[in-house]
$ cat input_36.json   # JSON, C-alpha atoms
[["chain", "number", "residue", "atom", "x", "y", "z"],
["Q", 14, "MET", "CA", 41.73, -0.60, 21.94],
["Q", 15, "ALA", "CA", 41.57, 0.62, 18.44],
["Q", 16, "GLY", "CA", 38.38, -1.34, 17.82],
["Q", 17, "GLY", "CA", 35.99, -0.96, 14.93],
["Q", 18, "GLY", "CA", 37.01, -2.36, 11.70],
["Q", 19, "GLY", "CA", 35.09, -0.17, 9.30],
["Q", 20, "GLY", "CA", 36.96, 3.10, 9.28],
["Q", 21, "GLY", "CA", 39.58, 2.90, 6.62],
["Q", 22, "ASP", "CA", 41.56, 5.86, 5.57],
["Q", 23, "GLY", "CA", 40.06, 9.28, 6.11],
["Q", 24, "GLU", "CA", 36.95, 10.40, 8.01],
["Q", 25, "PRO", "CA", 33.54, 9.07, 6.94],
["Q", 26, "GLU", "CA", 31.70, 11.83, 5.12],
["Q", 27, "PHE", "CA", 28.06, 12.69, 5.39],
["Q", 28, "GLN", "CA", 26.46, 11.50, 2.16],
["Q", 29, "VAL", "CA", 23.92, 13.98, 0.84],
["Q", 30, "ALA", "CA", 22.72, 12.08, -2.23],
["Q", 31, "PRO", "CA", 21.11, 9.07, -0.41],
["Q", 32, "MET", "CA", 19.55, 11.47, 2.11],
["Q", 33, "ILE", "CA", 17.87, 13.38, -0.70],
["Q", 34, "ASP", "CA", 16.64, 10.09, -2.17],
["Q", 35, "VAL", "CA", 15.04, 9.13, 1.14],
["Q", 36, "LEU", "CA", 13.57, 12.62, 1.67],
["Q", 37, "LEU", "CA", 12.01, 12.72, -1.77],
["Q", 38, "THR", "CA", 10.56, 9.22, -1.31],
["Q", 39, "ILE", "CA", 8.96, 10.22, 2.01],
["Q", 40, "LEU", "CA", 7.72, 13.45, 0.45],
["Q", 41, "ILE", "CA", 6.09, 11.62, -2.45],
["Q", 42, "PHE", "CA", 4.49, 9.16, -0.01],
["Q", 43, "PHE", "CA", 2.89, 11.93, 2.05],
["Q", 44, "MET", "CA", 1.84, 13.84, -1.07],
["Q", 45, "THR", "CA", 0.13, 10.75, -2.43],
["Q", 46, "ILE", "CA", -1.82, 9.85, 0.70],
["Q", 47, "THR", "CA", -2.87, 13.44, 1.29],
["Q", 48, "SER", "CA", -4.14, 14.09, -2.21],
["Q", 49, "ALA", "CA", -5.88, 10.70, -2.41],
["Q", 50, "GLN", "CA", -7.96, 11.45, 0.65],
["Q", 51, "VAL", "CA", -9.01, 15.00, -0.10],
["Q", 52, "LEU", "CA", -12.70, 15.26, 0.43],
["Q", 53, "LYS", "CA", -14.53, 16.38, -2.69],
["Q", 54, "VAL", "CA", -17.83, 17.52, -1.25],
["Q", 55, "ASP", "CA", -20.06, 20.53, -1.46],
["Q", 56, "LYS", "CA", -18.46, 23.16, 0.76],
["Q", 57, "SER", "CA", -21.85, 24.33, 2.05],
["Q", 58, "ILE", "CA", -22.56, 20.89, 3.51],
["Q", 59, "THR", "CA", -21.25, 19.83, 6.92],
["Q", 60, "LEU", "CA", -21.28, 16.07, 6.85],
["Q", 61, "PRO", "CA", -22.26, 14.16, 10.02],
["Q", 62, "ILE", "CA", -19.64, 12.16, 11.89],
["Q", 63, "ALA", "CA", -19.61, 8.37, 11.78],
["Q", 64, "PRO", "CA", -16.24, 7.05, 13.00],
["Q", 65, "ASP", "CA", -17.29, 3.40, 12.69],
["Q", 66, "ALA", "CA", -18.67, 3.56, 9.18],
["Q", 67, "GLN", "CA", -16.88, 1.71, 6.44],
["Q", 68, "LYS", "CA", -14.52, 3.31, 3.95],
["Q", 69, "LYS", "CA", -16.04, 4.58, 0.77],
["Q", 70, "ASP", "CA", -15.99, 2.14, -2.12],
["Q", 71, "ASP", "CA", -14.94, 4.17, -5.15],
["Q", 72, "LYS", "CA", -15.17, 1.31, -7.61],
["Q", 73, "ARG", "CA", -18.94, 1.29, -7.94],
["Q", 74, "ALA", "CA", -21.07, 3.23, -10.38],
["Q", 75, "GLU", "CA", -22.84, 5.90, -8.41],
["Q", 76, "THR", "CA", -24.51, 9.27, -8.38],
["Q", 77, "VAL", "CA", -24.31, 11.83, -5.61],
["Q", 78, "VAL", "CA", -27.29, 13.71, -4.18],
["Q", 79, "ASN", "CA", -26.33, 16.63, -1.98],
["Q", 80, "VAL", "CA", -28.86, 17.85, 0.56],
["Q", 81, "ARG", "CA", -28.06, 21.37, 1.69],
["Q", 82, "TRP", "CA", -29.77, 22.93, 4.68],
["Q", 83, "LYS", "CA", -30.50, 26.62, 4.65],
["Q", 84, "ALA", "CA", -30.81, 27.33, 8.36],
["Q", 85, "ALA", "CA", -31.83, 30.97, 7.87],
["Q", 86, "ILE", "CA", -34.93, 30.08, 5.87],
["Q", 87, "LYS", "CA", -35.27, 26.57, 7.33],
["Q", 88, "LYS", "CA", -35.43, 24.97, 3.92],
["Q", 89, "ALA", "CA", -33.57, 22.09, 2.30],
["Q", 90, "GLU", "CA", -32.07, 22.27, -1.17],
["Q", 91, "PHE", "CA", -31.21, 19.29, -3.32],
["Q", 92, "VAL", "CA", -28.23, 19.26, -5.66],
["Q", 93, "LEU", "CA", -27.72, 16.69, -8.40],
["Q", 94, "ASP", "CA", -24.92, 17.10, -10.94],
["Q", 95, "GLU", "CA", -24.37, 20.70, -9.82],
["Q", 96, "LYS", "CA", -28.02, 21.57, -10.53],
["Q", 97, "VAL", "CA", -30.01, 22.90, -7.60],
["Q", 98, "TYR", "CA", -33.55, 21.63, -7.09],
["Q", 99, "PRO", "CA", -35.86, 23.16, -4.47],
["Q", 100, "LYS", "CA", -37.90, 19.94, -4.32],
["Q", 101, "ALA", "CA", -36.60, 16.38, -4.29],
["Q", 102, "ASP", "CA", -39.23, 15.15, -6.79],
["Q", 103, "GLU", "CA", -37.72, 17.35, -9.49],
["Q", 104, "MET", "CA", -34.53, 15.28, -9.39],
["Q", 105, "ILE", "CA", -36.27, 12.09, -10.58],
["Q", 106, "PRO", "CA", -35.61, 12.55, -14.35],
["Q", 107, "GLY", "CA", -31.97, 13.42, -13.61],
["Q", 108, "LEU", "CA", -31.62, 10.40, -11.35],
["Q", 109, "LYS", "CA", -33.15, 8.12, -13.98],
["Q", 110, "LEU", "CA", -30.67, 9.43, -16.54],
["Q", 111, "ALA", "CA", -27.76, 9.00, -14.13],
["Q", 112, "LYS", "CA", -28.87, 5.42, -13.46],
["Q", 113, "ALA", "CA", -29.13, 4.62, -17.19],
["Q", 114, "ASN", "CA", -25.66, 6.07, -17.82],
["Q", 115, "GLY", "CA", -24.14, 4.49, -14.71],
["Q", 116, "GLU", "CA", -25.38, 1.00, -15.46],
["Q", 117, "LYS", "CA", -23.58, 1.05, -18.80],
["Q", 118, "LYS", "CA", -20.28, 1.23, -16.93],
["Q", 119, "VAL", "CA", -18.73, -2.01, -15.79],
["Q", 120, "THR", "CA", -18.59, -2.02, -12.01],
["Q", 121, "VAL", "CA", -16.00, -4.02, -10.15],
["Q", 122, "GLY", "CA", -16.52, -5.50, -6.69],
["Q", 123, "ALA", "CA", -18.89, -7.63, -4.73],
["Q", 124, "ASN", "CA", -21.93, -5.45, -5.31],
["Q", 125, "PRO", "CA", -22.20, -4.26, -8.89],
["Q", 126, "ASN", "CA", -25.53, -2.43, -8.51],
["Q", 127, "PHE", "CA", -25.84, 1.24, -9.26],
["Q", 128, "ARG", "CA", -26.20, 3.27, -6.12],
["Q", 129, "ALA", "CA", -26.99, 6.75, -4.91],
["Q", 130, "ILE", "CA", -24.91, 8.47, -2.26],
["Q", 131, "ILE", "CA", -26.78, 10.96, -0.14],
["Q", 132, "ARG", "CA", -24.57, 13.65, 1.29],
["Q", 133, "GLY", "CA", -26.79, 15.47, 3.74],
["Q", 134, "ASP", "CA", -25.97, 18.34, 6.03],
["Q", 135, "ARG", "CA", -25.88, 17.22, 9.65],
["Q", 136, "GLU", "CA", -28.35, 19.95, 10.63],
["Q", 137, "ALA", "CA", -30.89, 18.96, 7.97],
["Q", 138, "PRO", "CA", -34.12, 17.37, 9.22],
["Q", 139, "ALA", "CA", -34.65, 13.67, 8.60],
["Q", 140, "LEU", "CA", -37.62, 14.56, 6.39],
["Q", 141, "SER", "CA", -35.42, 16.14, 3.71],
["Q", 142, "ILE", "CA", -33.18, 13.06, 3.63],
["Q", 143, "SER", "CA", -36.27, 10.89, 3.37],
["Q", 144, "GLN", "CA", -37.48, 12.99, 0.42],
["Q", 145, "ALA", "CA", -34.14, 12.48, -1.33],
["Q", 146, "MET", "CA", -34.45, 8.73, -0.69],
["Q", 147, "ASN", "CA", -37.97, 8.72, -2.08],
["Q", 148, "ALA", "CA", -36.74, 10.44, -5.24],
["Q", 149, "CYS", "CA", -34.07, 7.73, -5.61],
["Q", 150, "ALA", "CA", -36.70, 5.04, -5.11],
["Q", 151, "GLU", "CA", -38.92, 6.65, -7.77],
["Q", 152, "ALA", "CA", -35.95, 6.60, -10.15],
["Q", 153, "GLY", "CA", -35.47, 2.87, -9.47],
["Q", 154, "ILE", "CA", -32.36, 3.16, -7.31],
["Q", 155, "ALA", "CA", -32.71, 0.86, -4.30],
["Q", 156, "ASP", "CA", -29.11, 0.93, -3.12],
["Q", 157, "ILE", "CA", -28.58, 4.01, -0.98],
["Q", 158, "SER", "CA", -25.48, 5.04, 0.93],
["Q", 159, "PHE", "CA", -25.28, 7.85, 3.45],
["Q", 160, "SER", "CA", -22.11, 9.84, 3.45],
["Q", 161, "ALA", "CA", -20.29, 10.83, 6.63],
["Q", 162, "VAL", "CA", -16.81, 11.77, 7.80],
["Q", 163, "ASN", "CA", -14.50, 9.99, 10.21],
["Q", 164, "LYS", "CA", -13.90, 13.03, 12.41],
["Q", 165, "ASP", "CA", -14.92, 16.64, 12.90],
["E", 26, "MET", "CA", 28.50, 43.12, -25.80],
["E", 27, "ARG", "CA", 31.70, 42.83, -23.78],
["E", 28, "ARG", "CA", 29.99, 43.93, -20.56],
["E", 29, "LEU", "CA", 28.25, 40.56, -20.33],
["E", 30, "ASN", "CA", 31.52, 38.68, -20.07],
["E", 31, "LEU", "CA", 32.54, 40.66, -17.00],
["E", 32, "GLU", "CA", 29.52, 39.38, -15.04],
["E", 33, "THR", "CA", 29.72, 35.72, -15.98],
["E", 34, "ASN", "CA", 33.38, 35.16, -15.42],
["E", 35, "GLU", "CA", 33.02, 35.30, -11.61],
["E", 36, "GLY", "CA", 33.65, 31.72, -10.41],
["E", 37, "ASN", "CA", 31.42, 28.66, -10.91],
["E", 38, "ILE", "CA", 27.96, 28.97, -9.30],
["E", 39, "GLY", "CA", 27.12, 25.32, -8.52],
["E", 40, "PHE", "CA", 23.88, 23.67, -7.45],
["E", 41, "GLN", "CA", 23.23, 24.53, -3.79],
["E", 42, "ILE", "CA", 22.10, 21.43, -1.89],
["E", 43, "ALA", "CA", 21.47, 22.99, 1.56],
["E", 44, "PRO", "CA", 18.54, 25.30, 0.59],
["E", 45, "MET", "CA", 17.03, 22.47, -1.43],
["E", 46, "ILE", "CA", 17.04, 20.20, 1.62],
["E", 47, "ASP", "CA", 15.49, 23.03, 3.66],
["E", 48, "VAL", "CA", 12.65, 23.40, 1.18],
["E", 49, "VAL", "CA", 12.09, 19.66, 0.89],
["E", 50, "PHE", "CA", 11.93, 19.40, 4.70],
["E", 51, "VAL", "CA", 9.35, 22.18, 4.90],
["E", 52, "ILE", "CA", 7.19, 20.62, 2.17],
["E", 53, "MET", "CA", 7.46, 17.23, 3.84],
["E", 54, "LEU", "CA", 6.44, 18.64, 7.20],
["E", 55, "PHE", "CA", 3.44, 20.32, 5.57],
["E", 56, "PHE", "CA", 2.25, 17.07, 4.01],
["E", 57, "MET", "CA", 2.90, 15.11, 7.21],
["E", 58, "VAL", "CA", 0.71, 17.53, 9.19],
["E", 59, "MET", "CA", -1.95, 17.51, 6.47],
["E", 60, "ALA", "CA", -2.01, 13.72, 6.39],
["E", 61, "GLY", "CA", -2.97, 13.63, 10.06],
["E", 62, "ALA", "CA", -5.69, 16.25, 9.81],
["E", 63, "VAL", "CA", -7.33, 15.06, 6.61],
["E", 64, "LYS", "CA", -10.97, 14.01, 6.72],
["E", 65, "VAL", "CA", -11.92, 10.77, 5.05],
["E", 66, "GLU", "CA", -15.32, 10.15, 3.61],
["E", 67, "ARG", "CA", -17.13, 7.15, 5.05],
["E", 68, "GLU", "CA", -20.36, 5.49, 4.01],
["E", 69, "LEU", "CA", -23.29, 3.82, 5.73],
["E", 70, "ASN", "CA", -25.23, 1.58, 3.40],
["E", 71, "THR", "CA", -28.91, 0.83, 3.34],
["E", 72, "GLN", "CA", -31.22, -0.95, 0.97],
["E", 73, "LEU", "CA", -34.64, 0.35, 0.14],
["E", 74, "PRO", "CA", -37.41, -2.22, 0.58],
["E", 75, "GLY", "CA", -38.46, -3.78, -2.72],
["E", 76, "SER", "CA", -41.22, -6.08, -3.87],
["E", 77, "ALA", "CA", -40.99, -9.81, -3.23],
["E", 78, "GLU", "CA", -42.16, -12.44, -5.69],
["E", 79, "SER", "CA", -45.53, -13.79, -4.64],
["E", 80, "SER", "CA", -44.80, -17.35, -5.77],
["E", 81, "THR", "CA", -42.03, -17.80, -3.21],
["E", 82, "SER", "CA", -42.61, -18.13, 0.50],
["E", 83, "THR", "CA", -41.28, -15.33, 2.65],
["E", 84, "ASP", "CA", -39.97, -15.85, 6.14],
["E", 85, "PHE", "CA", -41.04, -13.11, 8.47],
["E", 86, "VAL", "CA", -38.41, -12.15, 10.96],
["E", 87, "ASP", "CA", -38.60, -10.12, 14.12],
["E", 88, "GLU", "CA", -38.21, -6.50, 13.29],
["E", 89, "GLN", "CA", -36.49, -4.18, 15.71],
["E", 90, "ILE", "CA", -37.72, -0.62, 15.59],
["E", 91, "ILE", "CA", -35.47, 2.24, 16.59],
["E", 92, "THR", "CA", -37.31, 5.51, 17.03],
["E", 93, "VAL", "CA", -35.49, 8.83, 16.90],
["E", 94, "SER", "CA", -37.50, 11.65, 18.41],
["E", 95, "GLU", "CA", -37.24, 15.34, 17.59],
["E", 96, "ASN", "CA", -35.18, 16.13, 20.70],
["E", 97, "GLY", "CA", -32.65, 13.41, 19.85],
["E", 98, "GLU", "CA", -33.95, 10.70, 22.17],
["E", 99, "VAL", "CA", -33.34, 7.19, 20.85],
["E", 100, "LEU", "CA", -35.78, 4.37, 21.65],
["E", 101, "LEU", "CA", -35.30, 0.72, 20.79],
["E", 102, "ASN", "CA", -38.69, -0.99, 20.76],
["E", 103, "ASP", "CA", -40.12, 1.94, 22.78],
["E", 104, "GLU", "CA", -37.42, 1.67, 25.43],
["E", 105, "PRO", "CA", -35.17, 4.75, 25.76],
["E", 106, "PHE", "CA", -31.41, 4.32, 25.41],
["E", 107, "ASP", "CA", -28.65, 6.79, 26.25],
["E", 108, "SER", "CA", -29.06, 10.52, 26.70],
["E", 109, "PRO", "CA", -30.27, 12.70, 23.81],
["E", 110, "THR", "CA", -26.88, 14.46, 23.74],
["E", 111, "SER", "CA", -24.74, 11.30, 23.59],
["E", 112, "HIS", "CA", -23.27, 10.77, 20.12],
["E", 113, "ASP", "CA", -21.56, 7.47, 20.95],
["E", 114, "LEU", "CA", -24.76, 5.72, 22.12],
["E", 115, "PRO", "CA", -22.90, 3.09, 24.21],
["E", 116, "GLN", "CA", -26.02, 1.47, 25.68],
["E", 117, "LEU", "CA", -27.64, 1.12, 22.26],
["E", 118, "LYS", "CA", -24.44, -0.27, 20.75],
["E", 119, "GLY", "CA", -24.16, -2.88, 23.53],
["E", 120, "THR", "CA", -27.80, -3.93, 23.20],
["E", 121, "LEU", "CA", -27.59, -4.15, 19.41],
["E", 122, "MET", "CA", -24.43, -6.26, 19.60],
["E", 123, "ARG", "CA", -26.12, -8.69, 21.98],
["E", 124, "LEU", "CA", -29.16, -8.74, 19.73],
["E", 125, "LYS", "CA", -27.02, -9.55, 16.71],
["E", 126, "GLN", "CA", -25.18, -12.32, 18.58],
["E", 127, "ASN", "CA", -28.48, -13.89, 19.67],
["E", 128, "ALA", "CA", -29.90, -13.65, 16.17],
["E", 129, "ASP", "CA", -26.75, -15.20, 14.68],
["E", 130, "ALA", "CA", -26.94, -18.04, 17.23],
["E", 131, "ALA", "CA", -30.57, -18.63, 16.25],
["E", 132, "LYS", "CA", -29.57, -18.33, 12.56],
["E", 133, "SER", "CA", -32.19, -15.70, 11.92],
["E", 134, "PRO", "CA", -31.51, -12.36, 10.24],
["E", 135, "THR", "CA", -31.58, -9.15, 12.24],
["E", 136, "MET", "CA", -33.80, -6.55, 10.69],
["E", 137, "VAL", "CA", -33.87, -2.99, 11.96],
["E", 138, "THR", "CA", -36.11, -0.13, 10.94],
["E", 139, "ILE", "CA", -35.18, 3.39, 11.96],
["E", 140, "VAL", "CA", -38.22, 5.58, 12.35],
["E", 141, "SER", "CA", -37.07, 9.13, 12.63],
["E", 142, "ASP", "CA", -39.21, 12.11, 13.52],
["E", 143, "GLU", "CA", -39.46, 14.36, 10.48],
["E", 144, "ASN", "CA", -37.89, 17.26, 12.38],
["E", 145, "ALA", "CA", -35.18, 15.18, 14.05],
["E", 146, "LYS", "CA", -31.68, 16.11, 12.99],
["E", 147, "TYR", "CA", -30.13, 13.93, 10.29],
["E", 148, "SER", "CA", -26.93, 13.66, 12.37],
["E", 149, "ARG", "CA", -28.90, 11.77, 15.02],
["E", 150, "THR", "CA", -29.99, 9.22, 12.42],
["E", 151, "ILE", "CA", -26.33, 8.86, 11.40],
["E", 152, "ASP", "CA", -25.42, 8.26, 15.08],
["E", 153, "VAL", "CA", -27.91, 5.38, 15.12],
["E", 154, "LEU", "CA", -26.67, 4.04, 11.77],
["E", 155, "ASP", "CA", -23.12, 4.21, 13.14],
["E", 156, "ALA", "CA", -24.19, 2.17, 16.18],
["E", 157, "LEU", "CA", -25.75, -0.38, 13.80],
["E", 158, "ALA", "CA", -22.50, -0.49, 11.82],
["E", 159, "VAL", "CA", -20.59, -1.30, 15.04],
["E", 160, "ALA", "CA", -23.02, -4.15, 15.74],
["E", 161, "LYS", "CA", -22.53, -5.31, 12.11],
["E", 162, "ILE", "CA", -26.24, -5.11, 11.38],
["E", 163, "ASP", "CA", -26.65, -4.36, 7.69],
["E", 164, "ASN", "CA", -30.33, -5.12, 7.17],
["E", 165, "VAL", "CA", -31.46, -1.59, 7.90],
["E", 166, "THR", "CA", -34.34, 0.50, 6.62],
["E", 167, "PHE", "CA", -34.85, 4.16, 7.28],
["E", 168, "THR", "CA", -38.18, 5.89, 7.33],
["E", 169, "VAL", "CA", -39.69, 9.09, 8.63],
["E", 170, "SER", "CA", -42.75, 9.21, 10.81],
["E", 171, "ASP", "CA", -45.77, 11.42, 10.05],
["E", 172, "GLN", "CA", -44.80, 11.76, 6.42],
["E", 173, "ASP", "CA", -47.49, 12.68, 3.90]]
$ encode --input "input_36.json" --output "structure tokens"
Amino acid sequence: MAGGGGGGDGEPEFQVAPMIDVLLTILIFFMTITSAQVLKVDKSITLPIAPDAQKKDDKRAETVVNVRWKAAIKKAEFVLDEKVYPKADEMIPGLKLAKANGEKKVTVGANPNFRAIIRGDREAPALSISQAMNACAEAGIADISFSAVNKD
Amino acid sequence: MRRLNLETNEGNIGFQIAPMIDVVFVIMLFFMVMAGAVKVERELNTQLPGSAESSTSTDFVDEQIITVSENGEVLLNDEPFDSPTSHDLPQLKGTLMRLKQNADAAKSPTMVTIVSDENAKYSRTIDVLDALAVAKIDNVTFTVSDQD
């Protein structure tokens, strides 16, 4: 009845060193995935929800146009490279410059074109988003992506 | 100078493993909870219409028009779909998927234009774009009605 072949002399001790190894590995894993997915967006913008949209491709050369919505004064504000523009048309020179600089970079992936990402507030009217798109078109950027989040 | 020796001669203060494991557990729990709650940025792509070369022939395809009204009502070719408060748009998704399947069977591209009212909320347009993403329709244009 004295089954079990493993136990030699003495009681098996709880090994702390391998446990710490495992703990630290799990810790590093969670730290990595959390920091990699932190959303770097304008805090004044509440992005709309699109659970079925595709994951953001970070490999492409791009510029970001933020469209803020001031509900109190019912006015949209456009932000490009941390500069605030009251009208979308005023962004055109900045967008042209961003396109010229972005196209110099080598882009990896299936679609190497320079693109503009529009991060619009979910409460903003469609007109303000359309104005931002028009500004991109005027600057020669035809590839537009709308930014959203997976959940609220 | 001799007073220092009195304090340091008291036993050997070794590395304490138990509090370290406690701290590591707490940090790990924090990151595990954060990993579940983190928001991920997604994208919905569209291509602005460009100019076509006049020397080449252009095939005209059937264009589907989705209208988004100010109150959030969604119409596909003037036919209303789902309620204005529904974010999932199940009817529209189903119809668009069937449309895409039929177009694929006929080997013709599916082209969709979203015409949004200028005062309609942007989130409603994103709901429609999300429905198009589910139906795997990527030939999408977005425009605003009554624009100067």
$ atom_distance --input "input_36.json" --atom1 "atom CA of Q:Pro99" --atom2 "atom CA of Q:Ala74"
25.5 Å
$ interface_residues --input "input_36.json" --of "chain E" --to "chain Q" --cutoff "6 Å" --atoms "all atoms listed in the file" --output "compact mmCIF listing (two decimals) with C-alpha atoms, keeping the file's coordinate frame"
# COMPACT_ATOMS: atom_id res chain seq x y z
CA MET E 53 7.46 17.23 3.84
CA PHE E 56 2.25 17.07 4.01
CA ALA E 60 -2.01 13.72 6.39
CA VAL E 65 -11.92 10.77 5.05
CA GLU E 66 -15.32 10.15 3.61
CA ARG E 67 -17.13 7.15 5.05
CA GLU E 68 -20.36 5.49 4.01
CA LEU E 69 -23.29 3.82 5.73
CA ASN E 70 -25.23 1.58 3.40
CA THR E 71 -28.91 0.83 3.34
CA GLN E 72 -31.22 -0.95 0.97
CA LEU E 73 -34.64 0.35 0.14
CA GLU E 143 -39.46 14.36 10.48
CA ASN E 144 -37.89 17.26 12.38
CA ALA E 145 -35.18 15.18 14.05
CA LYS E 146 -31.68 16.11 12.99
CA TYR E 147 -30.13 13.93 10.29
CA SER E 148 -26.93 13.66 12.37
CA ASP E 155 -23.12 4.21 13.14
$ atom_distance --input "input_36.json" --atom1 "atom CA of E:Ile139" --atom2 "atom CA of E:Val165"
7.4 Å
$ residues_around --input "input_36.json" --residues "E:Glu98" --least-positions-apart "5" --cutoff "9 Å" --atoms "all atoms listed in the file" --output "ChimeraX atom specification"
/E:92-93,105-110,149
$ residues_around --input "input_36.json" --residues "Q:Pro106" --least-positions-apart "5" --cutoff "12 Å" --atoms "only C-alpha atoms" --output "compact mmCIF listing (two decimals) with C-alpha atoms, in the frame of the given file"
# COMPACT_ATOMS: atom_id res chain seq x y z
CA LEU Q 93 -27.72 16.69 -8.40
CA TYR Q 98 -33.55 21.63 -7.09
CA ALA Q 101 -36.60 16.38 -4.29
CA ALA Q 111 -27.76 9.00 -14.13
CA LYS Q 112 -28.87 5.42 -13.46
CA ALA Q 113 -29.13 4.62 -17.19
CA ALA Q 148 -36.74 10.44 -5.24
CA CYS Q 149 -34.07 7.73 -5.61
CA ALA Q 150 -36.70 5.04 -5.11
CA GLU Q 151 -38.92 6.65 -7.77
CA ALA Q 152 -35.95 6.60 -10.15
CA GLY Q 153 -35.47 2.87 -9.47
$ atom_distance --input "input_36.json" --atom1 "atom CA of E:Val169" --atom2 "atom CA of E:Gln89"
15.4 Å
$ residues_around --input "input_36.json" --residues "E:Leu157" --least-positions-apart "4" --cutoff "12 Å" --atoms "only C-alpha atoms" --output "PyMOL selection string"
(chain Q and resi 63+65-67) or (chain E and resi 69-71+89+91+101+113-115+117-125+135-139+150-153+161-166)
$ residues_around --input "input_36.json" --residues "stretch 94-97 of chain Q" --least-positions-apart "2" --cutoff "10 Å" --atoms "only C-alpha atoms" --output "list of chain:residue names"
Q:Asp55, Q:Thr76, Q:Val77, Q:Val78, Q:Asn79, Q:Val80, Q:Arg81, Q:Glu90, Q:Phe91, Q:Val92, Q:Pro99, Q:Lys100, Q:Ala101, Q:Glu103, Q:Met104, Q:Gly107, Q:Leu108, Q:Ala111
